[in-house]
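Single-structure report; data block below.
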Amino acid sequence: APGLPAGMEPALPPASPRAVPRGAGLFGWLRGRCLGRSAAVDPARDTFGAMTGLYGSIQPADSVYLSTRTHGAVFNLEYSPDGSVLTVACEQTEVLLFDPISSKHIKTLSEAHEDCVNNIRFLDNRLFATCSDDTTIALWDLRKLNTKVCTLHGHTSWVKNIEYDTNTRLLVTSGFDGNVIIWDTNRCTEDGCPHKKFFHTRFLMRMRLTPDCSKMLISTSSGYLLILHDLDLNKSLEVGSYPILRARRTTSSSDITSSSGSSGPRAVGSPCHQNDSGPLSDKHMSRSSQREGGSPRNSLEVLTPEVPGERDRGNCITSLQLHPKGWATLLRCSSNTDDQEWTCVYEFQEGAPVRPVSPRCSLRLTHCIEEANVGRGYIKELCFSPDGRMISSPHGFGIRLLGFDAHCSELVDCLPKEASPLKEIRSLYSHNDVVLTTKFSPTHCQIASGCLSGRVSLYQPKF
């Protein structure tokens, strides 16, 4: 500013049309800042834009093949937080480790488990966890891969998902036994970690924690999406002990602006009880008002996400991911007849409840796209890019890079008034079999994909 010494410029940047809506003033600027729209808050936005341009220039010819020989299908890919190691979960009991920069094979954990390895999660740059159909979870240290740190026993069926709360150092796992189990890694020994059953639901498929660990989302094969609000992982929940907020179908913008009758709650059977055969009772619904204007800790919201073309048919939520900034959830849904698949984005609608039995947060369908109907019976794991601007989705024998608009804008900058198609930025076909999983590198302009026949491909710009 004129007349001010260097370093004494005003703290607030001048408003721009993108950062602050016209006429919004200071409160609008603060709102934009909370959403990450201000360049002062998120100085890497221009870098993200450049990275998006690089992703858009990737060609199939630039892919690098990593031979996995006879390790079976690739079920999951996971980069270490610093991007220095790529781990591969394989069907035939093995975990592969690669240097993603040089494409060099580092090591094979030939008997990581006694059955299929389903998921891998890094706790930090050195320690990671794997889970398997053998019902166990294993902890590993990159500095000593000859032996496991420990093996965790607690599930009674296939373990499919691992999450980690970095604040409390609690490991959270879920499996086809319907259980969500909490493991205290602060007290880990060679014999395992203290653990407790946190939650149970029928037909559980996937479980995720929001980036701030304030919510837990659970998807089911019966088409329900469960959200635990004001999450407290230290409090165990027995069946029937938690308040059920509401069971409803999520709405698009057009539904929200229509009459209240079209978007109101509908009575459905809760999948969270062993003997649930009837609608949610008023007794359950009324318990949501234990807090004035909001919900108590670990209060449950039961949703049936709207899927295009599926209004009259059930669907199975096979894959569940969360936006890296916690703005939205990304679902891969398939019809009960397994003849259609969709990728759908649902924005979190934060705010005060409309009435006491309403949740403080519900989802709104903002974007969707139909997927290739191949590889029936196999789950396709999709993902957000580290900046949340792009989606990488398995599509037949390749992957599709999808954006919220043609310019790969951030979700908060291009929210549609009604559900809109995701924009296809680029398609990459380099496999000879159905792609089951894909993942962005957290630090480099690189994407990895793995297929049913065991091949892993890396995609990166060629300079």
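Note on naming: chains are A, B, ... as they come in the structure tokens, residues start from 1 per chain, ligands start from 1 in the order shown.
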### Query
Skipping near chain neighbours, those fewer than 4 positions away, what residues fall within 7 Å of segment 86-101 of chain A using only C-alpha atoms, listed as a list in words?
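Once the adjacent positions are removed, what remains is His71, Gly72, Ala73, Val74, Phe75, Asn76, Leu77, Glu78, Tyr79, Ser80, His105, Ile106, Lys107, Thr108, Leu109, Ser110, Glu111, Ala112, His113, Glu114, Asp115, Cys116, Val117, Asn118, Asn119 and Ile120 of chain A.
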List the spatial neighbours of Arg426 of chain A as an mmCIF file with N, CA, C and O atoms, in the first residue's frame - criterion: any atom at most 7 Å away, only C-alpha atoms, same-chain residues fewer than 2 positions off excluded.
```
data_model
loop_
_atom_site.group_PDB
_atom_site.id
_atom_site.type_symbol
_atom_site.label_atom_id
_atom_site.label_comp_id
_atom_site.auth_asym_id
_atom_site.auth_seq_id
_atom_site.Cartn_x
_atom_site.Cartn_y
_atom_site.Cartn_z
ATOM 1 N N GLY A 56 -3.296 -33.532 -17.541
ATOM 2 C CA GLY A 56 -4.033 -33.541 -18.797
ATOM 3 C C GLY A 56 -3.174 -33.893 -19.992
ATOM 4 O O GLY A 56 -3.690 -34.279 -21.036
ATOM 5 N N ARG A 400 -10.009 -43.418 -16.368
ATOM 6 C CA ARG A 400 -10.431 -42.111 -16.847
ATOM 7 C C ARG A 400 -10.084 -41.058 -15.806
ATOM 8 O O ARG A 400 -10.297 -41.264 -14.608
ATOM 9 N N LEU A 401 -9.543 -39.932 -16.271
ATOM 10 C CA LEU A 401 -9.335 -38.778 -15.417
ATOM 11 C C LEU A 401 -10.545 -37.873 -15.586
ATOM 12 O O LEU A 401 -10.853 -37.434 -16.695
ATOM 13 N N GLU A 424 -14.874 -35.711 -18.678
ATOM 14 C CA GLU A 424 -13.746 -36.591 -18.960
ATOM 15 C C GLU A 424 -12.580 -35.766 -19.480
ATOM 16 O O GLU A 424 -12.662 -35.146 -20.545
ATOM 17 N N LEU A 428 -6.943 -43.258 -20.365
ATOM 18 C CA LEU A 428 -5.656 -43.932 -20.510
ATOM 19 C C LEU A 428 -5.896 -45.431 -20.512
ATOM 20 O O LEU A 428 -6.349 -46.001 -19.510
#
```
### Task
Rank nothing, just name the residue among A:Ser441, A:Asn373, A:Thr156, A:Thr343 nearest to Gly403 of chain A, using only C-alpha atoms.
A:Thr343
### Task
Take atom CA of Leu66 of chain A and atom CA of Arg332 of chain A and report the distance between them in Å, one decimal.
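The value is 26.4 Å.
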Would you kindly return, as an mmCIF file with C-alpha atoms, in the first residue's frame, each protein, DNA or RNA residue with an atom no farther than 8 Å from any atom of segment 222-235 of chain A, considering only C-alpha atoms and excluding same-chain residues fewer than 6 positions away?
```cif
data_model
loop_
_atom_site.group_PDB
_atom_site.id
_atom_site.type_symbol
_atom_site.label_atom_id
_atom_site.label_comp_id
_atom_site.auth_asym_id
_atom_site.auth_seq_id
_atom_site.Cartn_x
_atom_site.Cartn_y
_atom_site.Cartn_z
ATOM 1 C CA ILE A 182 -10.359 -49.756 16.966
ATOM 2 C CA PHE A 198 -16.529 -49.863 17.939
ATOM 3 C CA PHE A 203 -23.741 -55.736 4.775
ATOM 4 C CA CYS A 213 -11.706 -37.446 11.806
ATOM 5 C CA SER A 214 -14.946 -35.719 12.792
ATOM 6 C CA LYS A 215 -17.102 -38.196 10.859
ATOM 7 C CA MET A 216 -17.052 -41.860 9.892
ATOM 8 C CA PRO A 271 -29.262 -51.977 8.253
ATOM 9 C CA SER A 295 -26.766 -34.234 17.361
ATOM 10 C CA PRO A 296 -24.912 -35.993 20.196
ATOM 11 C CA ARG A 297 -21.513 -37.621 19.833
ATOM 12 C CA ASN A 298 -21.461 -40.593 17.443
ATOM 13 C CA SER A 299 -25.003 -39.884 16.268
ATOM 14 C CA LEU A 300 -25.960 -41.877 13.205
ATOM 15 C CA GLU A 301 -27.438 -40.705 9.928
ATOM 16 C CA VAL A 302 -28.709 -43.358 7.515
ATOM 17 C CA LEU A 303 -28.899 -42.356 3.851
ATOM 18 C CA THR A 304 -29.820 -44.046 0.603
ATOM 19 C CA PRO A 305 -27.732 -42.061 -1.891
ATOM 20 C CA GLY A 314 -31.536 -51.084 -5.445
ATOM 21 C CA ASN A 315 -27.805 -50.523 -5.711
ATOM 22 C CA CYS A 316 -24.605 -51.607 -4.006
ATOM 23 C CA ILE A 317 -22.019 -49.022 -2.889
#
```
### Query
Neighbours of segment 145-151 of chain A within 7 Å (only C-alpha atoms; same-chain residues fewer than 2 positions away dropped), as an NGL selection string?
:A and (136-143 or 153 or 190-192)
### Query
Using only C-alpha atoms, which of A:Cys131, A:Val85, A:Leu322, A:Val64 sits nearest Lys462 of chain A?
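Closest to Lys462 of chain A, using only C-alpha atoms: A:Val64.
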### Query
Counting only C-alpha atoms, what is within 6 Å of Thr173 of chain A, bar same-chain residues fewer than 2 positions away, as a PyMOL selection string?
chain A and resi 161-162+180-181
For the residues in the current selection, export C-alpha atoms as a PDB file, in the first residue's frame.
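So result-v7.pdb came out as:
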```
ATOM      1  CA  ASN A 161     -10.508 -51.516   4.942  1.00  0.00           C
ATOM      2  CA  ILE A 162      -7.955 -49.695   7.120  1.00  0.00           C
ATOM      3  CA  VAL A 180     -15.502 -51.721  12.853  1.00  0.00           C
ATOM      4  CA  ILE A 181     -12.633 -52.323  15.288  1.00  0.00           C
TER       5      ILE A 181
END
```
### Query
Which distance in Å separates atom CA of Phe348 of chain A and atom CA of Pro324 of chain A, to one decimal?
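Straight-line distance from atom CA of Phe348 of chain A to atom CA of Pro324 of chain A works out to 12.8 Å.
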Do you know which residues are at most 6 Å from Thr437 of chain A counting only C-alpha atoms, after dropping those on the same chain fewer than 4 positions away, and could you put them as a PDB file with N, CA and C atoms, in the first residue's frame?
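Listing of result04.pdb after writing:
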```
ATOM      1  N   ASN A  76      -5.237 -53.326  -4.497  1.00  0.00           N
ATOM      2  CA  ASN A  76      -5.083 -52.006  -3.891  1.00  0.00           C
ATOM      3  C   ASN A  76      -3.681 -51.482  -4.131  1.00  0.00           C
ATOM      4  N   LYS A 380     -14.084 -51.887  -8.032  1.00  0.00           N
ATOM      5  CA  LYS A 380     -13.137 -50.963  -8.652  1.00  0.00           C
ATOM      6  C   LYS A 380     -12.912 -49.785  -7.707  1.00  0.00           C
ATOM      7  N   GLU A 381     -11.654 -49.637  -7.266  1.00  0.00           N
ATOM      8  CA  GLU A 381     -11.318 -48.581  -6.308  1.00  0.00           C
ATOM      9  C   GLU A 381     -10.870 -47.329  -7.049  1.00  0.00           C
ATOM     10  N   SER A 449      -1.994 -47.598 -11.638  1.00  0.00           N
ATOM     11  CA  SER A 449      -3.200 -48.415 -11.799  1.00  0.00           C
ATOM     12  C   SER A 449      -2.808 -49.877 -11.784  1.00  0.00           C
ATOM     13  N   GLY A 450      -3.733 -50.728 -11.303  1.00  0.00           N
ATOM     14  CA  GLY A 450      -3.483 -52.154 -11.250  1.00  0.00           C
ATOM     15  C   GLY A 450      -4.681 -52.919 -11.779  1.00  0.00           C
TER      16      GLY A 450
END
```
